[in-house]
$ cat upload-v4.txt   # compact mmCIF, C-alpha atoms and all ligand atoms
# COMPACT_ATOMS: atom_id res chain seq x y z
CA MET I 1 -54.51 3.12 -58.39
CA THR I 2 -52.47 4.48 -61.32
CA ALA I 3 -49.72 2.57 -63.05
CA PRO I 4 -46.21 3.59 -61.92
CA GLU I 5 -44.10 5.94 -64.03
CA TRP I 6 -41.46 4.05 -65.93
CA GLN I 7 -38.00 5.00 -67.00
CA ASP I 8 -36.54 4.28 -70.40
CA GLY I 9 -33.16 2.54 -70.30
CA PHE I 10 -31.00 1.02 -67.59
CA VAL I 11 -32.15 0.95 -63.96
CA ASN I 12 -29.97 -0.12 -61.04
CA LEU I 13 -32.20 -1.96 -58.59
CA TRP I 14 -31.70 -2.67 -54.88
CA PRO I 15 -28.41 -0.95 -54.18
CA THR I 16 -26.52 -1.38 -50.90
CA THR I 17 -24.69 1.79 -49.88
CA PHE I 18 -21.56 1.29 -47.81
CA VAL I 19 -19.08 3.88 -46.48
CA GLN I 20 -15.38 3.24 -45.90
CA ARG I 21 -13.31 6.25 -44.99
CA LYS I 22 -10.07 7.14 -43.21
CA LEU I 23 -10.67 10.07 -40.85
CA ALA I 24 -8.14 12.89 -40.67
CA GLY I 25 -6.50 13.88 -37.38
CA HIS I 26 -7.42 10.69 -35.51
CA ALA I 27 -4.17 9.95 -33.62
CA GLU I 28 -4.84 12.02 -30.48
CA ALA I 29 -8.44 10.76 -30.22
CA ASP I 30 -7.25 7.17 -30.69
CA ARG I 31 -4.94 7.51 -27.67
CA GLU I 32 -7.78 8.90 -25.56
CA ILE I 33 -10.23 6.21 -26.67
CA GLN I 34 -7.68 3.48 -26.12
CA ASN I 35 -7.05 4.65 -22.54
CA LEU I 36 -10.79 4.67 -21.84
CA VAL I 37 -11.33 1.21 -23.34
CA ARG I 38 -8.42 -0.28 -21.40
CA GLU I 39 -9.85 1.20 -18.18
CA MET I 40 -13.28 -0.27 -18.98
CA ASP I 41 -11.69 -3.59 -19.90
CA ARG I 42 -9.98 -3.78 -16.50
CA ALA I 43 -13.32 -3.15 -14.77
CA ASN I 44 -15.30 -5.70 -16.84
CA ARG I 45 -13.60 -8.79 -18.25
CA ASP I 46 -16.65 -9.50 -20.45
CA LEU I 47 -16.60 -6.00 -21.89
CA THR I 48 -17.00 -7.01 -25.53
CA THR I 49 -19.80 -9.54 -25.05
CA ASP I 50 -21.69 -7.33 -22.56
CA TYR I 51 -21.96 -4.98 -25.46
CA LEU I 52 -25.01 -3.00 -24.37
CA GLU I 53 -23.66 -2.45 -20.85
CA PRO I 54 -21.44 0.62 -21.41
CA ASP I 55 -23.41 3.51 -22.84
CA LEU I 56 -20.29 4.69 -24.57
CA PHE I 57 -21.59 7.71 -26.45
CA ASN I 58 -23.06 9.25 -23.32
CA VAL I 59 -19.57 9.44 -21.84
CA ASP I 60 -18.08 12.95 -21.86
CA GLN I 61 -14.47 12.24 -22.83
CA PRO I 62 -12.35 14.02 -25.47
CA GLY I 63 -11.78 10.94 -27.67
CA ILE I 64 -15.43 9.86 -27.53
CA ASN I 65 -16.59 13.43 -28.15
CA TRP I 66 -14.40 13.56 -31.29
CA LEU I 67 -15.70 10.19 -32.50
CA ARG I 68 -19.36 11.15 -31.83
CA THR I 69 -18.93 14.21 -34.10
CA GLN I 70 -17.26 12.11 -36.83
CA ILE I 71 -20.03 9.51 -36.75
CA ASN I 72 -22.79 12.12 -36.84
CA ASP I 73 -21.11 13.87 -39.80
CA THR I 74 -20.77 10.55 -41.64
CA VAL I 75 -24.44 9.70 -41.04
CA VAL I 76 -25.51 13.16 -42.31
CA GLU I 77 -23.50 12.54 -45.49
CA TYR I 78 -24.97 9.07 -45.83
CA PHE I 79 -28.54 10.40 -45.79
CA ARG I 80 -27.58 13.15 -48.24
CA TYR I 81 -26.05 10.55 -50.57
CA LEU I 82 -29.27 8.51 -50.43
CA GLY I 83 -31.22 11.64 -51.41
CA ILE I 84 -33.03 11.97 -48.06
CA ASP I 85 -33.50 15.73 -47.69
CA TYR I 86 -35.83 15.95 -44.68
CA ALA I 87 -34.88 15.96 -40.98
CA VAL I 88 -33.97 12.55 -39.52
CA ASN I 89 -33.11 12.12 -35.84
CA TRP I 90 -31.16 9.29 -34.30
CA THR I 91 -29.17 8.15 -31.29
CA ILE I 92 -25.79 6.44 -31.39
CA GLN I 93 -25.53 3.27 -29.36
CA GLY I 94 -21.92 2.16 -29.11
CA TRP I 95 -19.64 -0.38 -27.45
CA PRO I 96 -15.95 -1.24 -27.45
CA ASN I 97 -14.51 -4.47 -28.85
CA VAL I 98 -11.24 -5.86 -27.55
CA ASN I 99 -10.21 -8.88 -29.62
CA ARG I 100 -7.26 -10.79 -28.25
CA PHE I 101 -5.32 -13.64 -29.87
CA GLY I 102 -7.78 -16.05 -31.49
CA ASP I 103 -10.85 -13.88 -30.88
CA TYR I 104 -13.32 -13.50 -33.72
CA HIS I 105 -16.98 -12.60 -34.14
CA ASP I 106 -19.12 -14.97 -36.13
CA THR I 107 -21.55 -13.86 -38.83
CA HIS I 108 -24.28 -11.56 -37.57
CA ASN I 109 -26.27 -8.43 -38.28
CA HIS I 110 -27.55 -5.71 -35.93
CA PRO I 111 -31.32 -6.01 -35.34
CA ARG I 112 -33.38 -2.93 -34.46
CA ALA I 113 -30.83 -0.49 -35.87
CA TYR I 114 -31.05 1.46 -39.14
CA LEU I 115 -27.33 1.72 -39.82
CA SER I 116 -24.35 0.09 -38.15
CA GLY I 117 -20.69 0.92 -38.15
CA THR I 118 -17.26 0.38 -36.70
CA TYR I 119 -14.38 2.71 -35.93
CA TYR I 120 -10.90 1.21 -35.67
CA VAL I 121 -8.69 2.41 -32.82
CA LYS I 122 -5.88 -0.13 -32.76
CA VAL I 123 -5.07 -2.77 -35.34
CA PRO I 124 -2.14 -5.15 -34.66
CA LYS I 125 0.81 -4.89 -37.02
CA THR I 126 2.31 -8.18 -35.85
CA ARG I 127 1.17 -11.77 -36.26
CA GLU I 128 2.21 -14.87 -34.32
CA ARG I 129 4.50 -17.25 -36.18
CA GLN I 130 2.45 -20.39 -36.64
CA LYS I 131 1.27 -22.59 -39.44
CA ASN I 132 -2.10 -21.51 -40.85
CA ARG I 133 -4.04 -21.92 -44.04
CA GLY I 134 -2.78 -19.66 -46.79
CA ASP I 135 -6.12 -17.88 -47.14
CA VAL I 136 -6.57 -16.59 -43.57
CA ARG I 137 -7.18 -12.86 -43.29
CA PRO I 138 -6.52 -12.08 -39.62
CA GLY I 139 -8.26 -9.01 -38.22
CA CYS I 140 -10.22 -8.32 -41.42
CA ILE I 141 -13.97 -7.82 -41.60
CA THR I 142 -16.11 -9.38 -44.33
CA PHE I 143 -19.57 -8.22 -45.44
CA TYR I 144 -21.92 -10.48 -47.39
CA ASP I 145 -24.26 -9.67 -50.27
CA PRO I 146 -27.75 -9.55 -48.71
CA ARG I 147 -29.20 -11.28 -51.78
CA PRO I 148 -28.06 -14.86 -51.26
CA GLY I 149 -27.04 -16.69 -54.39
CA VAL I 150 -26.86 -13.77 -56.84
CA ASN I 151 -23.28 -14.77 -57.64
CA MET I 152 -24.36 -18.27 -58.69
CA ASN I 153 -24.47 -17.56 -62.40
CA ALA I 154 -22.19 -14.52 -62.50
CA ILE I 155 -19.81 -14.28 -65.42
CA LYS I 156 -16.55 -12.36 -65.70
CA ASP I 157 -16.98 -8.56 -65.45
CA ASP I 158 -20.62 -8.54 -64.42
CA PRO I 159 -21.17 -6.86 -61.01
CA TYR I 160 -22.36 -9.98 -59.17
CA VAL I 161 -19.20 -12.09 -59.16
CA ASP I 162 -18.13 -11.50 -55.56
CA PRO I 163 -20.68 -12.28 -52.83
CA GLU I 164 -18.43 -10.73 -50.16
CA HIS I 165 -16.61 -7.49 -49.51
CA THR I 166 -13.57 -7.71 -47.22
CA VAL I 167 -11.85 -4.75 -45.57
CA SER I 168 -8.44 -4.82 -43.89
CA PRO I 169 -8.97 -2.14 -41.25
CA GLU I 170 -6.45 0.42 -40.08
CA PRO I 171 -6.54 2.91 -37.20
CA GLY I 172 -8.64 5.96 -38.04
CA MET I 173 -10.92 4.04 -40.43
CA ILE I 174 -14.70 4.27 -40.12
CA LEU I 175 -17.11 1.90 -41.83
CA LEU I 176 -20.88 2.44 -42.07
CA TRP I 177 -23.48 0.11 -43.60
CA PRO I 178 -27.19 -0.79 -43.50
CA ALA I 179 -27.72 -2.74 -40.27
CA PHE I 180 -29.23 -5.78 -42.05
CA ILE I 181 -25.92 -6.67 -43.77
CA ASN I 182 -24.34 -9.84 -42.37
CA HIS I 183 -20.69 -9.52 -41.46
CA PHE I 184 -17.90 -11.59 -39.93
CA VAL I 185 -14.84 -10.45 -37.99
CA HIS I 186 -11.85 -12.66 -38.75
CA PRO I 187 -9.67 -14.01 -35.91
CA ASN I 188 -6.92 -11.89 -34.47
CA LEU I 189 -3.66 -13.84 -34.88
CA SER I 190 -1.54 -11.34 -32.93
CA LYS I 191 -0.73 -11.17 -29.25
CA GLU I 192 -1.52 -7.43 -29.50
CA PRO I 193 -5.22 -6.65 -29.00
CA ARG I 194 -7.35 -5.35 -31.84
CA ILE I 195 -9.50 -2.50 -30.48
CA SER I 196 -12.52 -1.06 -32.23
CA ILE I 197 -15.72 0.79 -31.40
CA SER I 198 -18.92 -0.60 -32.89
CA PHE I 199 -22.08 1.44 -33.05
CA ASN I 200 -25.69 1.39 -34.12
CA ILE I 201 -27.63 4.32 -35.52
CA VAL I 202 -31.06 3.93 -34.00
CA LEU I 203 -33.73 6.21 -35.47
CA LYS I 204 -35.99 8.26 -33.23
CA TRP I 205 -39.20 7.40 -35.01
CA SER I 206 -41.29 9.98 -36.82
CA ASP I 207 -44.24 9.29 -39.13
CA ASP I 208 -42.46 11.58 -41.63
CA TYR I 209 -40.24 8.56 -42.40
CA LEU I 210 -43.13 6.54 -43.84
CA PRO I 211 -42.50 6.03 -47.57
CA GLU I 212 -45.10 7.26 -50.05
CA GLN I 213 -46.15 4.04 -51.74
CA THR I 214 -48.91 3.34 -54.18
FE FE A 301 -21.25 -6.34 -35.97
$ encode --input "upload-v4.txt" --output "structure tokens"
Amino acid sequence: MTAPEWQDGFVNLWPTTFVQRKLAGHAEADREIQNLVREMDRANRDLTTDYLEPDLFNVDQPGINWLRTQINDTVVEYFRYLGIDYAVNWTIQGWPNVNRFGDYHDTHNHPRAYLSGTYYVKVPKTRERQKNRGDVRPGCITFYDPRPGVNMNAIKDDPYVDPEHTVSPEPGMILLWPAFINHFVHPNLSKEPRISISFNIVLKWSDDYLPEQT
């Protein structure tokens, strides 16, 4: 075994690449997706928790067809950004989330997926008038640094100060992240539902994906 090559200077180790992007021309697709989700929600009152039940991306529907293309394009860009320049094949496994007043999703990750993501279809603009803590962030999603405790000794202006990344979603926004990242969906404090589509990018395995390691 030979000693590894080394690089003189600064090296950024263990990065976590995350995509947050507002998609253009989403309004028509959002209406189509919303109609489909409402129909599914009427047929199954446990729609969100039966999350593997609807095979959403095998549905041939204009809104879903648009979203499938957007997700695939985003995944292609993600691999390109990582520097992966060989063919990778995957399937999209997706499910709708309908969060009503008070609904939230506690901290979790997405086992057996390579990447995970969410697309936001409808985000409430209203909020019920009630007394809450001043630091609530209704409808937001928070992602946590996968290296627990790295913020412990952080000092001002170093990159490890914040152990969480919070996004306030809006319709047309897509997020994509490595599936091992823990995340939490904050409670909806509106009587309007918050509707999103979550998805997993599950790789179709090939031995070409095996890293060359010494
Ligand atoms: Fe999730």
$ residues_around --input "upload-v4.txt" --residues "region 15-26 of chain I" --least-positions-apart "4" --cutoff "7 Å" --atoms "only C-alpha atoms" --output "list in words"
Asp30, Gly172, Met173, Ile174, Leu175, Leu176 and Trp177 of chain I
$ write_last_selection --input "upload-v4.txt" --atoms "C-alpha atoms" --output "short mmCIF file (atom, residue, chain, number, x, y, z; two decimals), keeping the file's coordinate frame"
data_model
loop_
_atom_site.label_atom_id
_atom_site.label_comp_id
_atom_site.auth_asym_id
_atom_site.auth_seq_id
_atom_site.Cartn_x
_atom_site.Cartn_y
_atom_site.Cartn_z
CA ASP I 30 -7.25 7.17 -30.69
CA GLY I 172 -8.64 5.96 -38.04
CA MET I 173 -10.92 4.04 -40.43
CA ILE I 174 -14.70 4.27 -40.12
CA LEU I 175 -17.11 1.90 -41.83
CA LEU I 176 -20.88 2.44 -42.07
CA TRP I 177 -23.48 0.11 -43.60
#
$ closest_residue --input "upload-v4.txt" --among "I:Ile195, I:Ala3, I:Ile181, I:Leu13" --to "Arg38 (chain I)" --atoms "all atoms listed in the file"
I:Ile195
$ axis_aligned_box --input "upload-v4.txt" --around "region 95-103 of chain I" --padding-each-side "5 Å" --output "lines of an AutoDock Vina configuration file"
center_x = -12.5
center_y = -8.2
center_z = -29.5
size_x = 24.3
size_y = 25.7
size_z = 14.0
$ closest_atom_pairs --input "upload-v4.txt" --of "chain I" --to "ligand FE 301 (chain A)" --cutoff "12 Å" --atoms "only C-alpha atoms and all ligand atoms" --output "tab-separated table"
residue	atom	partner	partner_atom	distance
I:Thr48	CA	A:FE301	FE	11.3
I:Thr49	CA	A:FE301	FE	11.5
I:Tyr51	CA	A:FE301	FE	10.6
I:Gly94	CA	A:FE301	FE	10.9
I:Trp95	CA	A:FE301	FE	10.5
I:Pro96	CA	A:FE301	FE	11.3
I:Asn97	CA	A:FE301	FE	10.0
I:Tyr104	CA	A:FE301	FE	10.9
I:His105	CA	A:FE301	FE	7.8
I:Asp106	CA	A:FE301	FE	8.9
I:Thr107	CA	A:FE301	FE	8.1
I:His108	CA	A:FE301	FE	6.2
I:Asn109	CA	A:FE301	FE	5.9
I:His110	CA	A:FE301	FE	6.3
I:Pro111	CA	A:FE301	FE	10.1
I:Ala113	CA	A:FE301	FE	11.2
I:Leu115	CA	A:FE301	FE	10.8
I:Ser116	CA	A:FE301	FE	7.5
I:Gly117	CA	A:FE301	FE	7.6
I:Thr118	CA	A:FE301	FE	7.8
I:Tyr119	CA	A:FE301	FE	11.4
I:Ile141	CA	A:FE301	FE	9.3
I:Thr142	CA	A:FE301	FE	10.3
I:Phe143	CA	A:FE301	FE	9.8
I:Leu175	CA	A:FE301	FE	10.9
I:Leu176	CA	A:FE301	FE	10.7
I:Trp177	CA	A:FE301	FE	10.2
I:Pro178	CA	A:FE301	FE	11.1
I:Ala179	CA	A:FE301	FE	8.6
I:Phe180	CA	A:FE301	FE	10.0
I:Ile181	CA	A:FE301	FE	9.1
I:Asn182	CA	A:FE301	FE	7.9
I:His183	CA	A:FE301	FE	6.4
I:Phe184	CA	A:FE301	FE	7.4
I:Val185	CA	A:FE301	FE	7.9
I:His186	CA	A:FE301	FE	11.7
I:Ser196	CA	A:FE301	FE	10.9
I:Ile197	CA	A:FE301	FE	10.1
I:Ser198	CA	A:FE301	FE	6.9
I:Phe199	CA	A:FE301	FE	8.4
I:Asn200	CA	A:FE301	FE	9.1
$ atom_distance --input "upload-v4.txt" --atom1 "CA of Ala29 (chain I)" --atom2 "CA of Trp66 (chain I)"
6.7 Å
$ atom_distance --input "upload-v4.txt" --atom1 "CA of Leu82 (chain I)" --atom2 "CA of Pro171 (chain I)"
26.9 Å
$ atom_distance --input "upload-v4.txt" --atom1 "CA of Glu128 (chain I)" --atom2 "CA of Asn99 (chain I)"
14.6 Å
$ residues_near_point --input "upload-v4.txt" --point "(-4.5, -15.0, -35.0)" --cutoff "12 Å" --atoms "all atoms listed in the file" --output "short mmCIF file (atom, residue, chain, number, x, y, z; two decimals) with C-alpha atoms, in the frame of the given file"
data_model
loop_
_atom_site.label_atom_id
_atom_site.label_comp_id
_atom_site.auth_asym_id
_atom_site.auth_seq_id
_atom_site.Cartn_x
_atom_site.Cartn_y
_atom_site.Cartn_z
CA ASN I 99 -10.21 -8.88 -29.62
CA ARG I 100 -7.26 -10.79 -28.25
CA PHE I 101 -5.32 -13.64 -29.87
CA GLY I 102 -7.78 -16.05 -31.49
CA ASP I 103 -10.85 -13.88 -30.88
CA TYR I 104 -13.32 -13.50 -33.72
CA PRO I 124 -2.14 -5.15 -34.66
CA LYS I 125 0.81 -4.89 -37.02
CA THR I 126 2.31 -8.18 -35.85
CA ARG I 127 1.17 -11.77 -36.26
CA GLU I 128 2.21 -14.87 -34.32
CA ARG I 129 4.50 -17.25 -36.18
CA GLN I 130 2.45 -20.39 -36.64
CA LYS I 131 1.27 -22.59 -39.44
CA ASN I 132 -2.10 -21.51 -40.85
CA ARG I 133 -4.04 -21.92 -44.04
CA VAL I 136 -6.57 -16.59 -43.57
CA ARG I 137 -7.18 -12.86 -43.29
CA PRO I 138 -6.52 -12.08 -39.62
CA GLY I 139 -8.26 -9.01 -38.22
CA CYS I 140 -10.22 -8.32 -41.42
CA VAL I 185 -14.84 -10.45 -37.99
CA HIS I 186 -11.85 -12.66 -38.75
CA PRO I 187 -9.67 -14.01 -35.91
CA ASN I 188 -6.92 -11.89 -34.47
CA LEU I 189 -3.66 -13.84 -34.88
CA SER I 190 -1.54 -11.34 -32.93
CA LYS I 191 -0.73 -11.17 -29.25
CA GLU I 192 -1.52 -7.43 -29.50
CA PRO I 193 -5.22 -6.65 -29.00
CA ARG I 194 -7.35 -5.35 -31.84
#
$ closest_residue --input "upload-v4.txt" --among "I:Ile92, I:Val123, I:Ile64, I:Val150" --to "Asn35 (chain I)" --atoms "all atoms listed in the file"
I:Ile64
$ residues_around --input "upload-v4.txt" --residues "Asn65 (chain I)" --least-positions-apart "6" --cutoff "10 Å" --atoms "only C-alpha atoms" --output "PDB file with C-alpha atoms, keeping the file's coordinate frame"
ATOM      1  CA  ALA I  29      -8.440  10.760 -30.220  1.00  0.00           C
ATOM      2  CA  ILE I  33     -10.230   6.210 -26.670  1.00  0.00           C
ATOM      3  CA  PHE I  57     -21.590   7.710 -26.450  1.00  0.00           C
ATOM      4  CA  ASN I  58     -23.060   9.250 -23.320  1.00  0.00           C
ATOM      5  CA  VAL I  59     -19.570   9.440 -21.840  1.00  0.00           C
TER       6      VAL I  59
END
$ decode --input "upload-v4.txt" --residues "region 37-49 of chain I" --atoms "all heavy atoms" --output "mmCIF file, in the first residue's frame"
data_model
loop_
_atom_site.group_PDB
_atom_site.id
_atom_site.type_symbol
_atom_site.label_atom_id
_atom_site.label_comp_id
_atom_site.auth_asym_id
_atom_site.auth_seq_id
_atom_site.Cartn_x
_atom_site.Cartn_y
_atom_site.Cartn_z
ATOM 1 N N VAL I 37 -53.573 15.806 -4.760
ATOM 2 C CA VAL I 37 -53.340 15.499 -3.341
ATOM 3 C C VAL I 37 -54.651 15.574 -2.565
ATOM 4 O O VAL I 37 -54.932 14.724 -1.708
ATOM 5 C CB VAL I 37 -52.272 16.432 -2.735
ATOM 6 C CG1 VAL I 37 -52.167 16.250 -1.230
ATOM 7 C CG2 VAL I 37 -50.910 16.194 -3.381
ATOM 8 N N ARG I 38 -55.474 16.556 -2.868
ATOM 9 C CA ARG I 38 -56.756 16.674 -2.162
ATOM 10 C C ARG I 38 -57.645 15.461 -2.450
ATOM 11 O O ARG I 38 -58.332 14.952 -1.567
ATOM 12 C CB ARG I 38 -57.467 17.978 -2.530
ATOM 13 C CG ARG I 38 -56.806 19.204 -1.874
ATOM 14 C CD ARG I 38 -57.576 20.466 -2.202
ATOM 15 N NE ARG I 38 -56.864 21.669 -1.830
ATOM 16 C CZ ARG I 38 -56.830 22.195 -0.594
ATOM 17 N NH1 ARG I 38 -57.471 21.606 0.389
ATOM 18 N NH2 ARG I 38 -56.157 23.311 -0.360
ATOM 19 N N GLU I 39 -57.617 14.998 -3.697
ATOM 20 C CA GLU I 39 -58.372 13.790 -4.081
ATOM 21 C C GLU I 39 -57.858 12.577 -3.292
ATOM 22 O O GLU I 39 -58.644 11.804 -2.746
ATOM 23 C CB GLU I 39 -58.083 13.532 -5.566
ATOM 24 C CG GLU I 39 -59.249 13.108 -6.424
ATOM 25 C CD GLU I 39 -58.773 13.090 -7.874
ATOM 26 O OE1 GLU I 39 -58.250 12.054 -8.292
ATOM 27 O OE2 GLU I 39 -58.904 14.144 -8.557
ATOM 28 N N MET I 40 -56.543 12.442 -3.220
ATOM 29 C CA MET I 40 -55.943 11.309 -2.497
ATOM 30 C C MET I 40 -56.253 11.409 -1.006
ATOM 31 O O MET I 40 -56.482 10.408 -0.335
ATOM 32 C CB MET I 40 -54.416 11.295 -2.703
ATOM 33 C CG MET I 40 -54.004 11.000 -4.128
ATOM 34 S SD MET I 40 -52.251 11.363 -4.401
ATOM 35 C CE MET I 40 -51.517 9.899 -3.778
ATOM 36 N N ASP I 41 -56.262 12.635 -0.501
ATOM 37 C CA ASP I 41 -56.506 12.874 0.918
ATOM 38 C C ASP I 41 -57.943 12.497 1.292
ATOM 39 O O ASP I 41 -58.206 12.000 2.386
ATOM 40 C CB ASP I 41 -56.242 14.361 1.204
ATOM 41 C CG ASP I 41 -56.153 14.649 2.683
ATOM 42 O OD1 ASP I 41 -55.504 13.865 3.392
ATOM 43 O OD2 ASP I 41 -56.737 15.646 3.129
ATOM 44 N N ARG I 42 -58.866 12.729 0.348
ATOM 45 C CA ARG I 42 -60.267 12.342 0.607
ATOM 46 C C ARG I 42 -60.394 10.822 0.651
ATOM 47 O O ARG I 42 -61.183 10.274 1.405
ATOM 48 C CB ARG I 42 -61.196 12.924 -0.477
ATOM 49 C CG ARG I 42 -61.611 14.367 -0.195
ATOM 50 C CD ARG I 42 -62.769 14.786 -1.075
ATOM 51 N NE ARG I 42 -62.382 14.876 -2.474
ATOM 52 C CZ ARG I 42 -61.819 15.946 -3.043
ATOM 53 N NH1 ARG I 42 -61.602 17.024 -2.324
ATOM 54 N NH2 ARG I 42 -61.490 15.951 -4.312
ATOM 55 N N ALA I 43 -59.597 10.132 -0.163
ATOM 56 C CA ALA I 43 -59.692 8.672 -0.252
ATOM 57 C C ALA I 43 -58.966 7.976 0.903
ATOM 58 O O ALA I 43 -59.270 6.840 1.237
ATOM 59 C CB ALA I 43 -59.129 8.204 -1.584
ATOM 60 N N ASN I 44 -57.987 8.648 1.511
ATOM 61 C CA ASN I 44 -57.192 8.019 2.580
ATOM 62 C C ASN I 44 -56.897 9.053 3.649
ATOM 63 O O ASN I 44 -56.058 9.924 3.471
ATOM 64 C CB ASN I 44 -55.879 7.459 1.997
ATOM 65 C CG ASN I 44 -54.998 6.827 3.070
ATOM 66 O OD1 ASN I 44 -55.365 6.776 4.244
ATOM 67 N ND2 ASN I 44 -53.829 6.350 2.656
ATOM 68 N N ARG I 45 -57.570 8.942 4.799
ATOM 69 C CA ARG I 45 -57.391 9.970 5.827
ATOM 70 C C ARG I 45 -56.024 9.873 6.506
ATOM 71 O O ARG I 45 -55.598 10.790 7.206
ATOM 72 C CB ARG I 45 -58.534 9.962 6.843
ATOM 73 C CG ARG I 45 -58.784 8.624 7.526
ATOM 74 C CD ARG I 45 -60.106 8.663 8.277
ATOM 75 N NE ARG I 45 -60.085 9.659 9.346
ATOM 76 C CZ ARG I 45 -59.679 9.408 10.588
ATOM 77 N NH1 ARG I 45 -59.247 8.217 10.905
ATOM 78 N NH2 ARG I 45 -59.706 10.351 11.502
ATOM 79 N N ASP I 46 -55.308 8.777 6.318
ATOM 80 C CA ASP I 46 -53.947 8.657 6.864
ATOM 81 C C ASP I 46 -52.903 8.823 5.764
ATOM 82 O O ASP I 46 -51.823 8.225 5.814
ATOM 83 C CB ASP I 46 -53.769 7.285 7.546
ATOM 84 C CG ASP I 46 -54.595 7.178 8.807
ATOM 85 O OD1 ASP I 46 -54.693 8.188 9.523
ATOM 86 O OD2 ASP I 46 -55.157 6.101 9.058
ATOM 87 N N LEU I 47 -53.241 9.631 4.791
ATOM 88 C CA LEU I 47 -52.380 9.781 3.606
ATOM 89 C C LEU I 47 -50.915 10.054 3.964
ATOM 90 O O LEU I 47 -50.014 9.406 3.454
ATOM 91 C CB LEU I 47 -52.930 10.940 2.759
ATOM 92 C CG LEU I 47 -52.194 11.231 1.472
ATOM 93 C CD1 LEU I 47 -52.390 10.081 0.511
ATOM 94 C CD2 LEU I 47 -52.696 12.527 0.854
ATOM 95 N N THR I 48 -50.691 11.001 4.864
ATOM 96 C CA THR I 48 -49.314 11.430 5.134
ATOM 97 C C THR I 48 -48.516 10.373 5.892
ATOM 98 O O THR I 48 -47.331 10.181 5.636
ATOM 99 C CB THR I 48 -49.335 12.769 5.892
ATOM 100 O OG1 THR I 48 -49.936 13.730 5.023
ATOM 101 C CG2 THR I 48 -47.945 13.237 6.263
ATOM 102 N N THR I 49 -49.164 9.658 6.815
ATOM 103 C CA THR I 49 -48.412 8.667 7.582
ATOM 104 C C THR I 49 -48.313 7.325 6.853
ATOM 105 O O THR I 49 -47.419 6.526 7.130
ATOM 106 C CB THR I 49 -49.020 8.465 8.986
ATOM 107 O OG1 THR I 49 -50.433 8.331 8.851
ATOM 108 C CG2 THR I 49 -48.725 9.644 9.876
#
